[in-house]
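Engineer: Sharing run-v5.csv below, CSV, C-alpha atoms:
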```csv
chain,number,residue,atom,x,y,z
A,57,MET,CA,146.4,193.0,-0.6
A,58,PRO,CA,146.7,196.5,1.0
A,59,HIS,CA,148.6,196.9,4.2
A,60,PRO,CA,146.5,197.6,7.3
A,61,ALA,CA,146.4,201.1,8.8
A,62,THR,CA,149.1,201.8,11.4
A,63,LEU,CA,150.0,204.7,13.5
A,64,THR,CA,153.5,205.1,14.9
A,65,VAL,CA,154.3,207.7,17.6
A,66,THR,CA,157.9,208.6,18.3
A,67,SER,CA,159.3,211.4,20.3
A,68,ALA,CA,162.5,213.4,20.0
A,69,GLY,CA,164.2,216.3,21.8
A,70,THR,CA,165.3,217.0,25.3
A,71,GLN,CA,163.1,216.9,28.4
A,72,GLY,CA,160.9,219.9,28.6
A,73,ALA,CA,160.7,220.4,24.8
A,74,THR,CA,159.6,217.2,23.3
A,75,SER,CA,158.5,217.0,19.7
A,76,LEU,CA,156.1,214.1,18.8
A,77,ARG,CA,156.2,212.5,15.3
A,78,LEU,CA,153.0,210.8,14.2
A,79,ALA,CA,153.5,208.6,11.2
A,80,VAL,CA,150.4,207.1,9.4
A,81,SER,CA,150.8,204.3,6.9
A,82,GLY,CA,148.8,201.5,5.3
A,83,ALA,CA,145.2,201.8,4.0
A,84,TRP,CA,143.1,204.2,6.2
A,85,ASN,CA,139.5,203.7,5.4
A,86,LEU,CA,136.2,202.9,7.1
A,87,ASP,CA,136.1,199.3,5.8
A,88,ALA,CA,139.3,198.5,7.7
A,89,PRO,CA,139.6,201.1,10.5
A,90,PRO,CA,142.9,201.5,12.3
A,91,ASP,CA,143.5,200.3,15.8
A,92,GLY,CA,141.4,202.5,18.1
A,93,ALA,CA,143.8,202.0,21.0
A,94,ALA,CA,146.7,203.4,19.0
A,95,ARG,CA,144.7,206.5,18.2
A,96,THR,CA,143.7,206.9,21.8
A,97,SER,CA,147.3,206.5,23.0
A,98,ALA,CA,148.5,209.0,20.5
A,99,MET,CA,145.9,211.6,21.6
A,100,ALA,CA,146.9,211.0,25.2
A,101,ARG,CA,150.6,211.6,24.3
A,102,LEU,CA,149.6,215.1,23.1
A,103,ARG,CA,148.5,216.0,26.7
A,104,GLU,CA,151.7,214.9,28.3
A,105,PRO,CA,153.7,217.7,29.9
A,106,GLY,CA,156.7,218.9,28.0
A,107,VAL,CA,155.3,218.4,24.5
A,108,ALA,CA,156.0,221.4,22.4
A,109,GLY,CA,155.1,220.4,18.9
A,110,VAL,CA,153.7,217.6,16.7
A,111,THR,CA,154.7,216.6,13.2
A,112,LEU,CA,152.4,214.5,11.1
A,113,VAL,CA,153.9,212.4,8.2
A,114,ALA,CA,152.7,209.8,5.8
A,115,GLU,CA,155.0,206.7,5.4
A,116,GLY,CA,153.7,204.2,2.8
A,117,LEU,CA,150.2,205.5,3.0
A,118,GLY,CA,147.8,203.7,0.7
A,119,ASP,CA,144.2,204.4,0.1
A,120,TRP,CA,142.6,206.8,2.7
A,121,ASP,CA,139.2,208.3,3.2
A,122,SER,CA,137.4,210.6,5.7
A,123,SER,CA,138.5,208.4,8.7
A,124,LEU,CA,142.1,209.7,8.3
A,125,ALA,CA,140.9,213.3,7.7
A,126,ILE,CA,138.9,213.1,10.9
A,127,PHE,CA,141.9,211.8,12.9
A,128,VAL,CA,144.2,214.4,11.5
A,129,ALA,CA,141.7,217.2,12.2
A,130,GLY,CA,141.4,215.9,15.8
A,131,VAL,CA,145.1,216.1,16.3
A,132,VAL,CA,145.3,219.6,14.8
A,133,ARG,CA,142.4,220.8,17.1
A,134,ALA,CA,144.0,219.3,20.2
A,135,CYS,CA,147.3,221.0,19.3
A,136,ARG,CA,145.6,224.4,18.8
A,137,GLU,CA,143.8,224.0,22.2
A,138,ARG,CA,147.1,223.4,23.9
A,139,ASN,CA,149.0,226.0,21.8
A,140,LEU,CA,151.3,223.3,20.3
A,141,SER,CA,153.0,223.8,17.0
A,142,VAL,CA,151.7,221.3,14.4
A,143,ASP,CA,153.4,220.5,11.0
A,144,THR,CA,151.2,218.7,8.4
A,145,SER,CA,153.6,219.3,5.4
A,146,GLY,CA,154.5,215.6,5.4
A,147,LEU,CA,150.9,214.6,4.6
A,148,PRO,CA,149.3,214.3,1.1
A,149,ALA,CA,148.3,217.7,-0.3
A,150,GLY,CA,144.7,216.6,-0.8
A,151,LEU,CA,144.4,215.5,2.9
A,152,THR,CA,146.0,218.8,4.1
A,153,ARG,CA,143.5,220.9,2.0
A,154,LEU,CA,140.6,218.8,3.4
A,155,VAL,CA,141.7,219.4,7.0
A,156,ASP,CA,142.2,223.1,6.3
A,157,LEU,CA,138.7,223.3,4.8
A,158,SER,CA,137.2,221.8,7.9
A,159,PHE,CA,138.6,224.7,10.0
A,160,ALA,CA,137.7,227.3,7.4
A,161,VAL,CA,134.1,227.8,8.7
A,162,PRO,CA,133.6,228.2,12.4
A,163,GLU,CA,131.4,225.6,14.1
A,164,ARG,CA,127.8,226.7,14.4
A,165,ALA,CA,126.8,227.3,18.1
A,166,GLY,CA,124.7,224.4,19.4
A,167,ALA,CA,125.4,222.1,16.4
A,168,ALA,CA,127.7,219.9,18.5
A,169,ARG,CA,126.1,216.9,20.2
A,170,GLY,CA,125.7,217.6,23.9
A,171,ASP,CA,124.6,215.7,27.0
A,172,ALA,CA,122.4,218.4,28.3
A,173,ARG,CA,119.2,217.0,30.0
A,174,SER,CA,115.8,218.0,28.8
A,175,GLY,CA,113.7,220.4,31.0
A,176,LEU,CA,111.2,219.3,33.6
A,177,LEU,CA,108.1,220.2,31.5
A,178,GLU,CA,109.6,218.3,28.5
A,179,ARG,CA,110.2,215.2,30.6
A,180,ILE,CA,106.7,215.4,32.0
A,181,GLY,CA,105.3,215.7,28.5
A,182,GLU,CA,107.3,212.7,27.3
A,183,ALA,CA,106.1,210.7,30.3
A,184,VAL,CA,102.5,211.6,29.6
A,185,LEU,CA,102.8,210.6,26.0
A,186,ALA,CA,104.2,207.3,27.0
A,187,LEU,CA,101.2,206.5,29.2
A,188,PRO,CA,98.6,203.9,28.0
A,189,ARG,CA,95.9,205.4,25.7
A,190,PRO,CA,93.0,205.3,28.1
A,191,VAL,CA,95.0,207.0,30.8
A,192,GLY,CA,96.2,209.7,28.4
A,193,SER,CA,92.7,210.2,27.1
A,194,THR,CA,91.4,210.7,30.6
A,195,LEU,CA,94.1,213.1,31.5
A,196,ASP,CA,93.4,215.0,28.3
A,197,PHE,CA,89.7,215.3,29.2
A,198,ILE,CA,90.5,216.5,32.7
A,199,GLY,CA,92.9,219.0,31.2
A,200,GLU,CA,90.2,220.3,28.9
A,201,VAL,CA,87.7,220.6,31.8
A,202,ALA,CA,90.4,222.4,34.0
A,203,PHE,CA,91.0,224.9,31.1
A,204,ALA,CA,87.3,225.5,30.8
A,205,LEU,CA,87.0,226.2,34.5
A,206,TYR,CA,89.9,228.6,34.2
A,207,ARG,CA,88.1,230.5,31.4
A,208,LEU,CA,84.9,230.5,33.5
A,209,ALA,CA,86.8,232.1,36.4
A,210,ARG,CA,88.0,234.8,34.0
A,211,GLY,CA,84.5,235.3,32.6
A,212,LYS,CA,85.3,234.1,29.1
A,213,ALA,CA,83.6,230.7,29.1
A,214,ASP,CA,80.9,230.0,26.5
A,215,MET,CA,78.6,228.4,29.1
A,216,ARG,CA,75.0,229.5,29.0
A,217,ARG,CA,73.3,230.3,32.3
A,218,ARG,CA,70.0,228.8,31.4
A,219,ASP,CA,71.7,225.5,30.7
A,220,LEU,CA,73.1,225.5,34.2
A,221,LEU,CA,69.7,226.2,35.8
A,222,GLN,CA,68.1,223.5,33.7
A,223,PHE,CA,70.7,220.9,34.7
A,224,MET,CA,70.4,221.9,38.4
A,225,SER,CA,66.7,221.4,38.2
A,226,GLU,CA,67.1,218.0,36.5
A,227,SER,CA,69.7,216.7,38.9
A,228,GLY,CA,68.2,218.3,42.0
A,229,SER,CA,64.4,218.6,42.5
A,230,ALA,CA,63.7,215.9,39.9
A,231,ALA,CA,65.8,213.4,41.8
A,232,LEU,CA,64.1,214.0,45.2
A,233,PRO,CA,61.7,211.0,44.9
A,234,ILE,CA,64.2,208.3,44.3
A,235,VAL,CA,66.7,209.9,46.8
A,236,SER,CA,63.9,209.9,49.4
A,237,LEU,CA,63.0,206.3,48.8
A,238,ILE,CA,66.6,205.0,48.8
A,239,SER,CA,67.7,207.0,51.8
A,240,MET,CA,64.7,206.2,54.0
A,241,LEU,CA,65.1,202.5,53.3
A,242,VAL,CA,68.8,202.7,54.2
A,243,GLY,CA,67.9,204.3,57.5
A,244,LEU,CA,65.3,201.6,58.1
A,245,ILE,CA,67.9,198.9,57.4
A,246,LEU,CA,70.6,200.5,59.6
A,247,ALA,CA,68.1,200.7,62.5
A,248,PHE,CA,67.0,197.1,62.1
A,249,VAL,CA,70.5,195.8,61.9
A,250,GLY,CA,71.6,197.8,64.9
A,251,ALA,CA,68.6,196.8,66.9
A,252,VAL,CA,69.4,193.1,66.5
A,253,GLN,CA,72.5,193.5,68.8
A,254,LEU,CA,71.5,196.5,70.9
A,255,ARG,CA,68.3,194.8,72.0
A,256,VAL,CA,70.3,192.0,73.6
A,257,PHE,CA,71.9,194.5,75.9
A,258,GLY,CA,68.7,196.6,76.4
A,259,ALA,CA,70.3,199.5,74.7
A,260,GLN,CA,67.8,200.2,71.9
A,261,ILE,CA,68.1,203.9,72.4
A,262,TYR,CA,71.5,203.8,70.8
A,263,VAL,CA,69.8,203.0,67.5
A,264,ALA,CA,69.2,206.7,67.2
A,265,SER,CA,72.9,207.6,67.4
A,266,LEU,CA,73.9,204.7,65.2
A,267,VAL,CA,71.6,205.8,62.4
A,268,ALA,CA,72.3,209.5,62.8
A,269,ILE,CA,76.1,209.2,62.7
A,270,ALA,CA,76.2,206.6,59.9
A,271,MET,CA,73.8,208.6,57.6
A,272,VAL,CA,75.3,212.0,58.2
A,273,ARG,CA,78.9,211.0,58.1
A,274,VAL,CA,79.0,208.8,55.0
A,275,MET,CA,76.0,206.6,54.2
A,276,GLY,CA,73.8,209.5,53.0
A,277,ALA,CA,76.4,210.8,50.6
A,278,ILE,CA,77.3,207.3,49.3
A,279,MET,CA,73.7,206.3,48.6
A,280,THR,CA,73.0,209.6,47.0
A,281,GLY,CA,76.2,209.4,44.9
A,282,ILE,CA,75.4,205.9,43.7
A,283,THR,CA,71.8,206.9,42.9
A,284,MET,CA,73.0,209.9,40.9
A,285,ALA,CA,75.6,207.8,39.1
A,286,GLY,CA,72.9,205.4,37.9
A,287,ARG,CA,70.5,208.2,37.1
A,288,THR,CA,72.2,211.4,36.1
A,289,GLY,CA,75.6,210.1,35.2
A,290,ALA,CA,74.1,207.5,32.8
A,291,SER,CA,71.8,210.3,31.4
A,292,TYR,CA,74.9,212.5,30.7
A,293,ALA,CA,76.7,209.7,28.9
A,294,ALA,CA,73.6,208.8,26.8
A,295,ILE,CA,72.8,212.3,25.8
A,296,LEU,CA,76.4,213.3,24.9
A,297,GLY,CA,77.0,210.0,23.2
A,298,THR,CA,73.9,210.5,21.0
A,299,MET,CA,75.1,214.0,20.1
A,300,GLN,CA,78.4,212.4,19.0
A,301,VAL,CA,76.6,209.9,16.8
A,302,ASN,CA,74.5,212.8,15.3
A,303,GLU,CA,77.8,214.8,14.9
A,304,GLU,CA,76.2,217.7,16.9
A,305,VAL,CA,79.5,218.0,18.9
A,306,ASP,CA,81.4,218.3,15.7
A,307,ALA,CA,79.0,221.0,14.6
A,308,LEU,CA,79.6,223.0,17.7
A,309,ALA,CA,83.4,222.9,17.1
A,310,THR,CA,82.9,223.8,13.5
A,311,MET,CA,80.9,226.9,14.5
A,312,GLY,CA,83.9,228.0,16.7
A,313,LEU,CA,82.2,227.0,20.0
A,314,ARG,CA,84.0,225.0,22.7
A,315,PRO,CA,82.0,221.7,23.3
A,316,VAL,CA,83.5,221.2,26.7
A,317,GLU,CA,82.3,224.7,27.9
A,318,GLN,CA,78.9,224.3,26.2
A,319,LEU,CA,78.2,220.7,27.2
A,320,VAL,CA,80.4,219.6,30.1
A,321,LEU,CA,80.8,222.7,32.3
A,322,PRO,CA,77.1,223.3,33.1
A,323,ARG,CA,76.6,219.6,33.9
A,324,LEU,CA,79.6,219.5,36.2
A,325,LEU,CA,78.7,222.7,38.1
A,326,ALA,CA,75.1,221.5,38.5
A,327,LEU,CA,76.1,218.3,40.2
A,328,VAL,CA,78.8,220.0,42.3
A,329,VAL,CA,76.1,222.3,43.7
A,330,MET,CA,73.2,219.9,43.9
A,331,LEU,CA,74.8,216.7,45.2
A,332,PRO,CA,75.8,218.2,48.6
A,333,LEU,CA,72.3,219.6,49.0
A,334,LEU,CA,70.8,216.2,48.1
A,335,THR,CA,73.2,214.6,50.6
A,336,ILE,CA,71.8,216.7,53.4
A,337,TYR,CA,68.3,215.8,52.3
A,338,ALA,CA,69.2,212.1,52.2
A,339,ASP,CA,70.6,212.4,55.8
A,340,LEU,CA,67.2,213.7,56.9
A,341,MET,CA,65.3,210.9,55.1
A,342,GLY,CA,67.6,208.3,56.6
A,343,MET,CA,67.1,209.6,60.1
A,344,LEU,CA,63.4,209.6,59.4
A,345,GLY,CA,63.6,205.9,58.5
A,346,GLY,CA,65.5,205.2,61.7
A,347,PHE,CA,62.9,207.2,63.7
A,348,ILE,CA,60.1,205.1,62.3
A,349,VAL,CA,61.8,201.8,63.3
A,350,GLY,CA,62.8,203.2,66.7
A,351,VAL,CA,59.3,204.6,67.6
A,352,PHE,CA,56.9,202.1,66.0
A,353,MET,CA,58.9,198.9,66.3
A,354,LEU,CA,61.3,199.3,69.2
A,355,ASP,CA,58.7,201.2,71.3
A,356,LEU,CA,61.1,204.1,72.0
A,357,ASN,CA,59.8,207.4,73.2
A,358,PRO,CA,59.7,209.9,70.2
A,359,MET,CA,61.2,212.8,72.2
A,360,GLU,CA,63.8,210.5,73.7
A,361,TYR,CA,64.8,209.3,70.2
A,362,LEU,CA,65.0,212.9,68.9
A,363,ASN,CA,67.2,213.9,71.9
A,364,ALA,CA,69.5,211.0,71.3
A,365,THR,CA,69.8,211.9,67.7
A,366,ARG,CA,70.6,215.5,68.4
A,367,GLU,CA,73.3,214.6,71.0
A,368,ALA,CA,74.9,212.2,68.6
A,369,LEU,CA,75.3,214.6,65.7
A,370,SER,CA,78.2,217.0,65.4
A,371,LEU,CA,79.2,219.7,63.0
A,372,ALA,CA,82.4,217.7,62.0
A,373,ASN,CA,80.3,214.8,60.8
A,374,LEU,CA,78.0,217.1,58.8
A,375,TRP,CA,80.9,218.7,57.0
A,376,ILE,CA,82.5,215.3,56.3
A,377,GLY,CA,79.2,214.2,54.7
A,378,ILE,CA,79.0,217.5,52.6
A,379,THR,CA,82.6,217.0,51.5
A,380,HIS,CA,81.7,213.5,50.3
A,381,GLY,CA,78.8,214.9,48.4
A,382,ALA,CA,80.8,217.6,46.6
A,383,VAL,CA,83.5,215.0,45.6
A,384,PHE,CA,80.9,212.6,44.4
A,385,GLY,CA,79.3,215.3,42.3
A,386,VAL,CA,82.6,215.9,40.5
A,387,VAL,CA,83.3,212.2,40.1
A,388,VAL,CA,79.8,211.4,38.7
A,389,ALA,CA,79.8,214.4,36.3
A,390,LEU,CA,83.3,213.7,35.0
A,391,CYS,CA,82.6,209.9,34.4
A,392,GLY,CA,79.3,210.6,32.6
A,393,CYS,CA,80.6,213.4,30.5
A,394,TYR,CA,83.9,211.7,29.7
A,395,HIS,CA,82.3,208.5,28.4
A,396,GLY,CA,79.7,210.5,26.5
A,397,MET,CA,82.3,212.8,24.8
A,398,ARG,CA,84.5,209.9,24.0
A,399,CYS,CA,81.6,207.8,22.6
A,400,GLY,CA,81.9,206.1,19.2
A,401,ARG,CA,79.6,206.7,16.2
A,402,SER,CA,77.1,203.9,16.6
A,403,ALA,CA,74.0,203.1,18.7
A,404,SER,CA,75.9,200.2,20.4
A,405,ALA,CA,78.7,202.6,21.3
A,406,VAL,CA,76.1,204.8,23.1
A,407,GLY,CA,75.0,201.8,25.2
A,408,ALA,CA,78.6,200.9,26.0
A,409,ALA,CA,79.3,204.5,27.0
A,410,THR,CA,76.3,204.5,29.3
A,411,THR,CA,77.3,201.3,31.0
A,412,ALA,CA,80.9,202.4,31.4
A,413,ALA,CA,79.7,205.7,32.9
A,414,VAL,CA,77.7,204.0,35.6
A,415,VAL,CA,80.4,201.4,36.4
A,416,SER,CA,83.2,203.9,36.5
A,417,GLY,CA,81.1,206.3,38.5
A,418,ILE,CA,80.2,203.8,41.2
A,419,VAL,CA,83.8,202.4,41.4
A,420,SER,CA,85.2,206.0,41.7
A,421,ILE,CA,82.7,206.8,44.5
A,422,ILE,CA,83.9,203.8,46.5
A,423,VAL,CA,87.6,204.6,45.9
A,424,CYS,CA,87.1,208.3,46.9
A,425,THR,CA,85.2,207.2,50.1
A,426,ALA,CA,88.2,205.0,51.1
A,427,PHE,CA,90.6,207.9,50.5
A,428,ILE,CA,88.4,210.4,52.5
A,429,THR,CA,87.9,207.9,55.3
A,430,VAL,CA,91.7,207.3,55.6
A,431,ALA,CA,92.3,211.0,55.5
A,432,CYS,CA,89.8,211.7,58.3
A,433,GLU,CA,91.4,209.0,60.4
A,434,VAL,CA,94.9,210.5,59.9
A,435,LEU,CA,93.6,214.0,60.7
A,436,GLY,CA,91.7,212.6,63.7
A,437,ILE,CA,88.4,214.0,62.6
```
As structure tokens, how would this structure be written, given the file I've shared?
Structural biologist:
Amino acid sequence: MPHPATLTVTSAGTQGATSLRLAVSGAWNLDAPPDGAARTSAMARLREPGVAGVTLVAEGLGDWDSSLAIFVAGVVRACRERNLSVDTSGLPAGLTRLVDLSFAVPERAGAARGDARSGLLERIGEAVLALPRPVGSTLDFIGEVAFALYRLARGKADMRRRDLLQFMSESGSAALPIVSLISMLVGLILAFVGAVQLRVFGAQIYVASLVAIAMVRVMGAIMTGITMAGRTGASYAAILGTMQVNEEVDALATMGLRPVEQLVLPRLLALVVMLPLLTIYADLMGMLGGFIVGVFMLDLNPMEYLNATREALSLANLWIGITHGAVFGVVVALCGCYHGMRCGRSASAVGAATTAAVVSGIVSIIVCTAFITVACEVLGI
């Protein structure tokens, strides 16, 4: 049975010029590694003050492998760093040649393992890759749209102007009938609900201000956004999903065109422009519904109702409503186009994409409304 690996450290000499003697013995191999504490203690002795030289000797050394070579090389390196003399003549010739060979070629810069931290962009990239797949896909789509907008700002986008005009017409004037009906009915409902309580106090005239503020500040934009999510957002998802099934999107990419710039950008810009305008129109229709209730059912004077409406409105409320409309335009367009561009290759996938576009569009509108409302409250608007 081979003897275990041992390391014996002895010192000789006077104080101020100590010479260390490191004796290795036994079987030095990876299967039976020597005591780590002894090696650590020996390396610590090298750093003691007064040590002038080190002598390495082999006493009863049996089998040895690279573990002994690595230890000896570490001792030699530490001695060179501290300008200590080192004597390896007492070691086997093969081990000495192996250690000398390890120092023959300088270490390549950067090859050593370091603890340097990765950069900010690298850490952000790693965090994004670790996100769940739906979140990563959504961020990827938003990044593609942002890059398309950047190219549009530089005048290099592949978007066709006639496509933009066509989508503005489809999402604007073509949507007026349903926006008119929904908004007027909402105005009627608000007036009826407000009159139930205001009539008790004989304050029916405040129905005008109630309807005007509610419609212009938020309700006109919300009802228009929900209507467009069910109408235009679903249409975007269905059309783009069908193009995915027919591999038309792949054909655009094969021809060297950018599908996002050709298909998504004009739809996004059309809704961003048209939805604030539809919001203003919905505000007027809602106030018209309130006017009908106030004049024909609450017996209010028409001029008195119009004056109360004008006094209740403010420019801040109008801008808040327009801001809602612009944000909802972005949300509805992105939801519709995202689910259409990420649609599968079957008819059922087109149906699922259309449903998902409507649901995500409406939920996003409610969430955005909550954020804008809280922001206005914090800003005191």
Engineer: Rank nothing, just name the residue among A:Met397, A:Ala183, A:Val414, A:Leu321 nearest to Arg287 of chain A, using all atoms listed in the file.
Structural biologist: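 When distances to Arg287 of chain A are compared using all atoms listed in the file, the smallest one comes from A:Val414.
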Engineer: Compare A:Pro148, A:Gly106, A:Gly199, A:Gly211 by their minimum atom-to-atom distance to Val128 of chain A, counting all atoms listed in the file, and give me the closest one.
Structural biologist: A:Pro148
Engineer: Would you mind reading off the distance between atom CA of Leu147 of chain A and atom CA of Glu115 of chain A, one decimal, in Å?
Structural biologist: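 Spanning atom CA of Leu147 of chain A to atom CA of Glu115 of chain A is a straight-line distance of 8.9 Å.
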Engineer: Residues at most 9 Å from Val305 of chain A, counting all atoms listed in the file, excluding those fewer than 5 positions away in the same chain, as a list in words?
Structural biologist: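 Counting only the stated atoms, we get Leu296, Met299, Gln300, Thr310, Pro315, Leu319 and Met397 of chain A.
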Engineer: To one decimal place in Å, what is the distance between atom CA of Ile378 of chain A and atom CA of Ser416 of chain A?
Structural biologist: 21.5 Å
Engineer: I want to know what sits within 12 Å of Thr379 of chain A, based on all atoms listed in the file, with residues of the same chain fewer than 5 positions away left out; could you give that as a VMD selection string?
Structural biologist: chain A and resid 272 to 274 276 to 278 281 328 to 329 331 to 333 335 to 336 372 to 374 384 to 386 424 to 425 428 to 429 432
Engineer: Would you output that residue set with C-alpha atoms, as a short mmCIF file (atom, residue, chain, number, x, y, z; two decimals), in the coordinates of the input?
Structural biologist:
```cif
data_model
loop_
_atom_site.label_atom_id
_atom_site.label_comp_id
_atom_site.auth_asym_id
_atom_site.auth_seq_id
_atom_site.Cartn_x
_atom_site.Cartn_y
_atom_site.Cartn_z
CA VAL A 272 75.30 212.00 58.20
CA ARG A 273 78.90 211.00 58.10
CA VAL A 274 79.00 208.80 55.00
CA GLY A 276 73.80 209.50 53.00
CA ALA A 277 76.40 210.80 50.60
CA ILE A 278 77.30 207.30 49.30
CA GLY A 281 76.20 209.40 44.90
CA VAL A 328 78.80 220.00 42.30
CA VAL A 329 76.10 222.30 43.70
CA LEU A 331 74.80 216.70 45.20
CA PRO A 332 75.80 218.20 48.60
CA LEU A 333 72.30 219.60 49.00
CA THR A 335 73.20 214.60 50.60
CA ILE A 336 71.80 216.70 53.40
CA ALA A 372 82.40 217.70 62.00
CA ASN A 373 80.30 214.80 60.80
CA LEU A 374 78.00 217.10 58.80
CA PHE A 384 80.90 212.60 44.40
CA GLY A 385 79.30 215.30 42.30
CA VAL A 386 82.60 215.90 40.50
CA CYS A 424 87.10 208.30 46.90
CA THR A 425 85.20 207.20 50.10
CA ILE A 428 88.40 210.40 52.50
CA THR A 429 87.90 207.90 55.30
CA CYS A 432 89.80 211.70 58.30
#
```
Engineer: Could you name the residues that touch segment 341-349 of chain A at 9 Å or less, counting all atoms listed in the file, but leaving out those on the same chain fewer than 6 positions away, as an MDAnalysis selection string?
Structural biologist: chainID A and resid 235:248 263:264 267:268 271:272 275:276 355 358 361:362 365
Engineer: Could you please determine the separation between atom CA of Ala114 of chain A and atom CA of Phe127 of chain A in Å, to one decimal place?
Structural biologist: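 Interatomic distance, atom CA of Ala114 of chain A to atom CA of Phe127 of chain A: 13.1 Å.
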Engineer: Of the residues A:Met353, A:Ala293, A:Ile269, A:Ala389, which is the one nearest to Gly377 of chain A, using only C-alpha atoms?
Structural biologist: A:Ile269
Engineer: Pick from A:Ala93, A:Ala285, A:Phe223, A:Glu304: nearest to Ser420 of chain A, with only C-alpha atoms counted?
Structural biologist: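 Looking at the shortest contact to Ser420 of chain A, the residue is A:Ala285.
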Engineer: Using all atoms listed in the file, which of A:Tyr262, A:Glu433, A:Ala204, A:Val107 sits nearest Ile376 of chain A?
Structural biologist: A:Glu433
